[in-house]
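S.K.: Provided below: target25.cif, containing mmCIF, C-alpha atoms.
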```cif
data_query
loop_
_atom_site.group_PDB
_atom_site.id
_atom_site.type_symbol
_atom_site.label_atom_id
_atom_site.label_comp_id
_atom_site.auth_asym_id
_atom_site.auth_seq_id
_atom_site.Cartn_x
_atom_site.Cartn_y
_atom_site.Cartn_z
ATOM 1 C CA MET A 33 -11.888 -117.878 160.711
ATOM 2 C CA ASN A 34 -11.199 -115.558 157.743
ATOM 3 C CA PRO A 35 -11.645 -111.939 158.946
ATOM 4 C CA ARG A 36 -11.735 -110.418 155.430
ATOM 5 C CA LEU A 37 -14.361 -112.936 154.319
ATOM 6 C CA ARG A 38 -16.394 -112.329 157.478
ATOM 7 C CA LEU A 39 -16.297 -108.577 156.850
ATOM 8 C CA ALA A 40 -17.367 -109.061 153.218
ATOM 9 C CA ILE A 41 -20.311 -111.211 154.320
ATOM 10 C CA GLN A 42 -21.373 -108.660 156.945
ATOM 11 C CA ALA A 43 -21.210 -105.873 154.338
ATOM 12 C CA ALA A 44 -23.244 -107.931 151.864
ATOM 13 C CA ARG A 45 -25.880 -108.713 154.494
ATOM 14 C CA ALA A 46 -26.062 -105.026 155.462
ATOM 15 C CA GLU A 47 -26.881 -104.267 151.808
ATOM 16 C CA ASN A 48 -29.702 -106.843 151.960
ATOM 17 C CA MET A 49 -28.010 -109.236 149.549
ATOM 18 C CA PRO A 50 -29.924 -112.558 149.588
ATOM 19 C CA LYS A 51 -28.259 -115.348 151.565
ATOM 20 C CA ASP A 52 -28.297 -117.635 148.492
ATOM 21 C CA ASN A 53 -26.338 -115.052 146.491
ATOM 22 C CA ILE A 54 -23.718 -114.738 149.234
ATOM 23 C CA GLU A 55 -23.278 -118.506 149.515
ATOM 24 C CA ARG A 56 -23.097 -118.881 145.725
ATOM 25 C CA ALA A 57 -20.361 -116.229 145.520
ATOM 26 C CA ILE A 58 -18.335 -117.954 148.276
ATOM 27 C CA LYS A 59 -18.629 -121.378 146.596
ATOM 28 C CA LYS A 60 -17.656 -119.913 143.215
ATOM 29 C CA ALA A 61 -14.547 -118.280 144.684
ATOM 30 C CA ALA A 62 -13.630 -121.413 146.656
ATOM 31 C CA GLY A 63 -13.959 -123.499 143.490
ATOM 32 C CA GLY A 64 -11.359 -121.404 141.755
ATOM 33 C CA ASP A 65 -13.526 -120.693 138.705
ATOM 34 C CA ALA A 66 -13.910 -117.012 139.505
ATOM 35 C CA ASP A 67 -11.828 -114.319 137.846
ATOM 36 C CA THR A 68 -8.784 -113.261 139.843
ATOM 37 C CA TYR A 69 -9.443 -109.856 141.362
ATOM 38 C CA GLU A 70 -6.996 -107.881 143.452
ATOM 39 C CA ALA A 71 -7.590 -104.969 145.790
ATOM 40 C CA ILE A 72 -5.402 -101.963 145.009
ATOM 41 C CA ARG A 73 -5.134 -98.646 146.837
ATOM 42 C CA TYR A 74 -4.232 -95.556 144.831
ATOM 43 C CA GLU A 75 -3.011 -92.433 146.611
ATOM 44 C CA GLY A 76 -2.242 -88.935 145.455
ATOM 45 C CA TYR A 77 -3.089 -85.262 145.589
ATOM 46 C CA ALA A 78 -5.947 -83.240 144.159
ATOM 47 C CA PRO A 79 -5.678 -79.452 143.500
ATOM 48 C CA GLY A 80 -4.998 -77.374 146.617
ATOM 49 C CA GLY A 81 -2.833 -80.060 148.231
ATOM 50 C CA VAL A 82 -5.849 -82.231 149.088
ATOM 51 C CA ALA A 83 -4.962 -85.866 149.846
ATOM 52 C CA VAL A 84 -6.979 -88.531 148.012
ATOM 53 C CA ILE A 85 -7.266 -92.299 148.475
ATOM 54 C CA ALA A 86 -9.084 -94.458 145.905
ATOM 55 C CA GLU A 87 -9.700 -98.143 146.621
ATOM 56 C CA ALA A 88 -10.196 -100.385 143.607
ATOM 57 C CA LEU A 89 -10.998 -104.028 142.923
ATOM 58 C CA THR A 90 -9.729 -105.081 139.524
ATOM 59 C CA ASP A 91 -8.913 -108.026 137.285
ATOM 60 C CA ASN A 92 -6.601 -105.814 135.198
ATOM 61 C CA ARG A 93 -4.136 -103.690 137.158
ATOM 62 C CA ASN A 94 -2.869 -101.866 134.054
ATOM 63 C CA ARG A 95 -6.348 -100.838 132.907
ATOM 64 C CA THR A 96 -7.417 -99.541 136.303
ATOM 65 C CA GLY A 97 -4.113 -97.835 137.050
ATOM 66 C CA GLY A 98 -4.184 -96.042 133.702
ATOM 67 C CA ALA A 99 -7.768 -94.900 134.197
ATOM 68 C CA VAL A 100 -7.127 -93.597 137.726
ATOM 69 C CA ARG A 101 -3.944 -91.795 136.630
ATOM 70 C CA ALA A 102 -5.847 -90.173 133.743
ATOM 71 C CA VAL A 103 -8.476 -88.784 136.147
ATOM 72 C CA PHE A 104 -5.839 -87.325 138.477
ATOM 73 C CA THR A 105 -4.063 -85.690 135.512
ATOM 74 C CA LYS A 106 -7.248 -84.357 133.894
ATOM 75 C CA TYR A 107 -8.304 -82.454 137.010
ATOM 76 C CA GLY A 108 -4.896 -81.087 137.995
ATOM 77 C CA GLY A 109 -3.928 -83.709 140.544
ATOM 78 C CA ASN A 110 -0.891 -85.960 140.966
ATOM 79 C CA LEU A 111 -0.974 -89.706 141.528
ATOM 80 C CA GLY A 112 1.657 -90.770 144.060
ATOM 81 C CA ALA A 113 3.066 -94.011 145.406
ATOM 82 C CA THR A 114 1.134 -96.228 147.800
ATOM 83 C CA GLY A 115 1.665 -94.799 151.273
ATOM 84 C CA SER A 116 2.235 -91.238 150.070
ATOM 85 C CA VAL A 117 -0.894 -89.861 151.779
ATOM 86 C CA ALA A 118 -2.219 -92.758 153.887
ATOM 87 C CA HIS A 119 -0.440 -91.333 156.954
ATOM 88 C CA MET A 120 -2.894 -88.393 156.808
ATOM 89 C CA PHE A 121 -5.805 -90.774 157.404
ATOM 90 C CA ALA A 122 -6.806 -93.310 160.040
ATOM 91 C CA HIS A 123 -7.927 -96.701 158.695
ATOM 92 C CA VAL A 124 -10.926 -97.490 160.888
ATOM 93 C CA GLY A 125 -14.070 -99.583 160.941
ATOM 94 C CA GLU A 126 -17.481 -97.957 160.601
ATOM 95 C CA ILE A 127 -20.767 -99.628 161.573
ATOM 96 C CA ALA A 128 -24.021 -97.779 160.954
ATOM 97 C CA PHE A 129 -27.401 -98.478 162.556
ATOM 98 C CA PRO A 130 -30.823 -96.895 161.985
ATOM 99 C CA ALA A 131 -32.096 -94.586 164.724
ATOM 100 C CA SER A 132 -34.786 -97.146 165.583
ATOM 101 C CA VAL A 133 -32.325 -99.545 167.286
ATOM 102 C CA GLY A 134 -32.279 -97.440 170.442
ATOM 103 C CA SER A 135 -31.380 -94.183 172.146
ATOM 104 C CA ALA A 136 -27.971 -92.536 171.819
ATOM 105 C CA ASP A 137 -27.118 -93.600 175.387
ATOM 106 C CA ALA A 138 -28.139 -97.215 174.769
ATOM 107 C CA VAL A 139 -26.068 -97.439 171.582
ATOM 108 C CA LEU A 140 -23.086 -95.765 173.275
ATOM 109 C CA GLU A 141 -23.230 -98.284 176.125
ATOM 110 C CA ALA A 142 -23.432 -101.188 173.669
ATOM 111 C CA ALA A 143 -20.550 -99.762 171.641
ATOM 112 C CA ILE A 144 -18.315 -99.378 174.705
ATOM 113 C CA ASP A 145 -19.070 -102.947 175.762
ATOM 114 C CA ALA A 146 -18.250 -104.163 172.242
ATOM 115 C CA GLY A 147 -14.865 -102.405 172.244
ATOM 116 C CA ALA A 148 -15.681 -99.542 169.870
ATOM 117 C CA ASP A 149 -13.889 -96.171 169.976
ATOM 118 C CA ASP A 150 -16.634 -93.643 169.223
ATOM 119 C CA VAL A 151 -20.322 -93.173 168.403
ATOM 120 C CA VAL A 152 -22.043 -90.307 166.604
ATOM 121 C CA SER A 153 -25.835 -90.283 166.906
ATOM 122 C CA ASP A 154 -28.375 -88.008 165.201
ATOM 123 C CA ALA A 155 -31.901 -88.163 163.798
ATOM 124 C CA GLU A 156 -30.660 -90.264 160.849
ATOM 125 C CA GLY A 157 -29.118 -92.983 162.984
ATOM 126 C CA HIS A 158 -25.986 -94.092 164.822
ATOM 127 C CA VAL A 159 -22.470 -94.406 163.387
ATOM 128 C CA VAL A 160 -20.008 -96.459 165.423
ATOM 129 C CA THR A 161 -16.258 -96.351 164.738
ATOM 130 C CA CYS A 162 -13.647 -98.824 165.934
ATOM 131 C CA ALA A 163 -10.134 -100.014 165.146
ATOM 132 C CA PHE A 164 -9.925 -101.586 161.691
ATOM 133 C CA GLU A 165 -8.404 -104.756 163.153
ATOM 134 C CA SER A 166 -11.401 -105.320 165.453
ATOM 135 C CA LEU A 167 -14.164 -104.415 162.973
ATOM 136 C CA GLY A 168 -15.472 -107.967 162.594
ATOM 137 C CA THR A 169 -15.507 -108.613 166.339
ATOM 138 C CA VAL A 170 -17.145 -105.267 167.224
ATOM 139 C CA ALA A 171 -19.742 -105.592 164.450
ATOM 140 C CA GLY A 172 -20.639 -109.103 165.622
ATOM 141 C CA ALA A 173 -21.013 -108.021 169.258
ATOM 142 C CA LEU A 174 -23.162 -105.028 168.303
ATOM 143 C CA GLU A 175 -25.374 -107.139 166.049
ATOM 144 C CA GLU A 176 -26.158 -109.435 169.005
ATOM 145 C CA LYS A 177 -27.343 -106.439 171.071
ATOM 146 C CA LEU A 178 -28.811 -104.070 168.472
ATOM 147 C CA GLY A 179 -29.747 -106.233 165.522
ATOM 148 C CA GLU A 180 -28.415 -106.193 161.971
ATOM 149 C CA PRO A 181 -26.461 -103.036 161.066
ATOM 150 C CA ARG A 182 -27.280 -100.858 158.097
ATOM 151 C CA THR A 183 -23.679 -100.968 156.857
ATOM 152 C CA VAL A 184 -20.378 -102.470 157.971
ATOM 153 C CA LYS A 185 -17.251 -101.170 156.244
ATOM 154 C CA ALA A 186 -13.638 -100.122 156.588
ATOM 155 C CA ILE A 187 -13.005 -96.456 155.813
ATOM 156 C CA TRP A 188 -10.114 -93.983 155.624
ATOM 157 C CA LYS A 189 -10.919 -91.140 158.026
ATOM 158 C CA PRO A 190 -8.908 -87.900 157.574
ATOM 159 C CA ASN A 191 -6.813 -86.848 160.572
ATOM 160 C CA LEU A 192 -6.835 -83.210 159.411
ATOM 161 C CA SER A 193 -8.927 -81.398 156.819
ATOM 162 C CA THR A 194 -7.641 -78.995 154.158
ATOM 163 C CA GLN A 195 -9.765 -75.900 153.454
ATOM 164 C CA VAL A 196 -10.154 -75.270 149.716
ATOM 165 C CA ASP A 197 -11.257 -72.222 147.721
ATOM 166 C CA GLU A 198 -14.013 -72.120 145.100
ATOM 167 C CA GLU A 199 -11.764 -72.815 142.096
ATOM 168 C CA ASN A 200 -10.062 -75.839 143.649
ATOM 169 C CA ALA A 201 -13.309 -77.111 145.169
ATOM 170 C CA GLN A 202 -14.897 -77.301 141.727
ATOM 171 C CA SER A 203 -11.980 -79.321 140.318
ATOM 172 C CA ILE A 204 -11.863 -81.606 143.372
ATOM 173 C CA LEU A 205 -15.589 -82.411 143.235
ATOM 174 C CA LYS A 206 -15.353 -83.208 139.508
ATOM 175 C CA MET A 207 -12.306 -85.377 140.161
ATOM 176 C CA MET A 208 -14.020 -87.283 142.978
ATOM 177 C CA ALA A 209 -17.094 -87.860 140.784
ATOM 178 C CA ALA A 210 -14.937 -89.119 137.899
ATOM 179 C CA LEU A 211 -13.116 -91.569 140.180
ATOM 180 C CA GLU A 212 -16.394 -92.836 141.650
ATOM 181 C CA ASP A 213 -17.783 -93.348 138.125
ATOM 182 C CA ASP A 214 -15.012 -95.843 137.317
ATOM 183 C CA ASP A 215 -16.432 -99.372 137.533
ATOM 184 C CA ASP A 216 -13.264 -100.691 139.223
ATOM 185 C CA VAL A 217 -13.132 -98.007 141.929
ATOM 186 C CA GLN A 218 -15.002 -99.070 145.065
ATOM 187 C CA ASN A 219 -14.411 -96.140 147.447
ATOM 188 C CA VAL A 220 -12.887 -92.660 147.299
ATOM 189 C CA TYR A 221 -11.738 -90.646 150.326
ATOM 190 C CA ALA A 222 -10.281 -87.129 150.575
ATOM 191 C CA ASN A 223 -9.397 -84.675 153.341
ATOM 192 C CA PHE A 224 -10.850 -81.468 151.877
ATOM 193 C CA ASP A 225 -13.229 -79.102 153.628
ATOM 194 C CA ILE A 226 -15.510 -76.755 151.687
ATOM 195 C CA SER A 227 -17.104 -73.778 153.434
ATOM 196 C CA GLU A 228 -20.880 -73.385 153.292
ATOM 197 C CA ASP A 229 -20.540 -70.177 151.220
ATOM 198 C CA VAL A 230 -18.418 -71.894 148.568
ATOM 199 C CA LEU A 231 -20.699 -74.933 148.527
ATOM 200 C CA LYS A 232 -23.750 -72.709 147.959
ATOM 201 C CA LYS A 233 -22.009 -71.020 145.008
ATOM 202 C CA LEU A 234 -21.072 -74.337 143.455
ATOM 203 C CA THR A 235 -24.510 -75.886 143.853
ATOM 204 C CA ALA A 236 -26.184 -72.758 142.513
ATOM 205 C CA ALA A 237 -23.946 -72.678 139.430
#
```
The structure in this file should be written as structure tokens.

M.R.:
Amino acid sequence: MNPRLRLAIQAARAENMPKDNIERAIKKAAGGDADTYEAIRYEGYAPGGVAVIAEALTDNRNRTGGAVRAVFTKYGGNLGATGSVAHMFAHVGEIAFPASVGSADAVLEAAIDAGADDVVSDAEGHVVTCAFESLGTVAGALEEKLGEPRTVKAIWKPNLSTQVDEENAQSILKMMAALEDDDDVQNVYANFDISEDVLKKLTAA
């Protein structure tokens, strides 16, 4: 009956977490002896006007907020208020399956029946997107038809991408890496687009 808990369990199962570990974590949280963690979303801008969203799970808001702000400042970005860039993204559900679950047509048919919005299939597998609010329902319906998904998660998908030059791209990539290295930060999203030429220069450097 708890959609956030159901989503967390589906994500844990997709990462092959043992059932005993999942049940133990639920009982610990229900017993009230777990640390109090809160989910916080940080939003701001990286160099070049690139919008960035960082999702964190923390037991110390001041520590995490200070660390995230320091990363934005170090790499020439600006941390804004919650909601300052979220309108540039769509909050959607993403369910990934290995290619072995079926053909692109079969997965598309299953996704439509389950109420999903889109499917992208390639040699690596199938990625289904749906409304964030229906992620648990769609994931459950797809699991019945296709088997256990590889991953089930909520993501921030950019509505528009911002092209960046070599100098800004270097700073943005370092900034993203620094945010992802923070133990409290769970996910980082940005709306930048780097051309193949610039990417080759950066990777060759």

S.K.: List, as an MDAnalysis selection string, every residue that the PyMOL selection byres ((chain A and resi 196-201) around 12) selects in the file provided.

M.R.: chainID A and resid 77:83 107:109 193:195 202:208 222:235 237

S.K.: Nearest to A:Val139 among A:Leu192, A:Ala173, A:Leu178, A:Ala163, with distances taken over only C-alpha atoms: which residue is it?

M.R.: A:Leu178

S.K.: What's around stretch 147-149 of chain A at 8 Å? Count all atoms listed in the file, leave out sequence neighbours fewer than 2 positions away in its own chain, and write the answer as a ChimeraX atom specification.

M.R.: /A:143-145,151,160-163,170

S.K.: Between A:Asp154, A:Asn110, A:Lys177, A:Pro130, which one has atoms that come closest to A:Ala142, using all atoms listed in the file?

M.R.: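 Looking only at the distances to A:Ala142, the closest residue turns out to be A:Lys177.
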
S.K.: Assuming the chain letters and numbering stay as they are in my file, what does the PyMOL selection byres ((chain A and resi 117) around 9) actually select? List them as a list in words.

M.R.: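 So the PyMOL selection byres ((chain A and resi 117) around 9), applied here, picks out Glu75, Gly76, Tyr77, Ala83, Val84, Ile85, Gly112, Ala113, Thr114, Gly115, Ser116, Ala118, His119, Met120 and Phe121 of chain A.
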
S.K.: Could you save those same residues with C-alpha atoms as a compact mmCIF listing (two decimals), keeping the file's coordinate frame?

M.R.:
```
# COMPACT_ATOMS: atom_id res chain seq x y z
CA GLU A 75 -3.01 -92.43 146.61
CA GLY A 76 -2.24 -88.94 145.46
CA TYR A 77 -3.09 -85.26 145.59
CA ALA A 83 -4.96 -85.87 149.85
CA VAL A 84 -6.98 -88.53 148.01
CA ILE A 85 -7.27 -92.30 148.48
CA GLY A 112 1.66 -90.77 144.06
CA ALA A 113 3.07 -94.01 145.41
CA THR A 114 1.13 -96.23 147.80
CA GLY A 115 1.66 -94.80 151.27
CA SER A 116 2.24 -91.24 150.07
CA ALA A 118 -2.22 -92.76 153.89
CA HIS A 119 -0.44 -91.33 156.95
CA MET A 120 -2.89 -88.39 156.81
CA PHE A 121 -5.80 -90.77 157.40
```

S.K.: So what do you get for atom CA of A:Asp137 versus atom CA of A:Glu156, distance-wise?

M.R.: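 Result for atom CA of A:Asp137 versus atom CA of A:Glu156: 15.3 Å, one decimal.
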
S.K.: Under the rule that only C-alpha atoms are counted, which of A:Val133, A:Ile72, A:Ala128, A:Ala209 is the nearest residue to A:Asp150?

M.R.: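 Residue with the minimum atom-to-atom distance to A:Asp150: A:Ala128.
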
S.K.: Using all atoms listed in the file, which residue out of A:Gly179, A:Thr105, A:Lys189, A:Tyr69 lies closest to A:Leu89?

M.R.: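 Looking at the shortest contact to A:Leu89, the residue is A:Tyr69.
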
S.K.: Given the file shown, enumerate the residues that the PyMOL selection byres ((chain A and resi 73) around 6) captures and present them as a compact mmCIF listing (two decimals) with C-alpha atoms, in the frame of the given file.

M.R.:
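Below is the file that was written, part06.txt:
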```txt
# COMPACT_ATOMS: atom_id res chain seq x y z
CA ILE A 72 -5.40 -101.96 145.01
CA TYR A 74 -4.23 -95.56 144.83
CA ALA A 86 -9.08 -94.46 145.90
CA GLU A 87 -9.70 -98.14 146.62
```

S.K.: Could you state the separation of atom CA of A:Asn219 and atom CA of A:Gly97 in Å, given to one decimal place?

M.R.: 14.7 Å

S.K.: I'd like to know which of A:Glu70, A:Glu55, A:Asp213, A:Glu126 is closest to A:Asn94, using all atoms listed in the file.

M.R.: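 Selected residue with least distance to A:Asn94: A:Glu70.
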
S.K.: Looking at A:Val217, A:Ala131, A:Ala186, A:Leu111, which one is nearest to A:Arg95, with distances taken over all atoms listed in the file?

M.R.: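 Among the listed residues, A:Val217 lies closest to A:Arg95.
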
S.K.: Enter the distance from atom CA of A:Ser153 to atom CA of A:Arg182, in Å, rounded to one decimal.

M.R.: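 Separation between atom CA of A:Ser153 and atom CA of A:Arg182: 13.8 Å.
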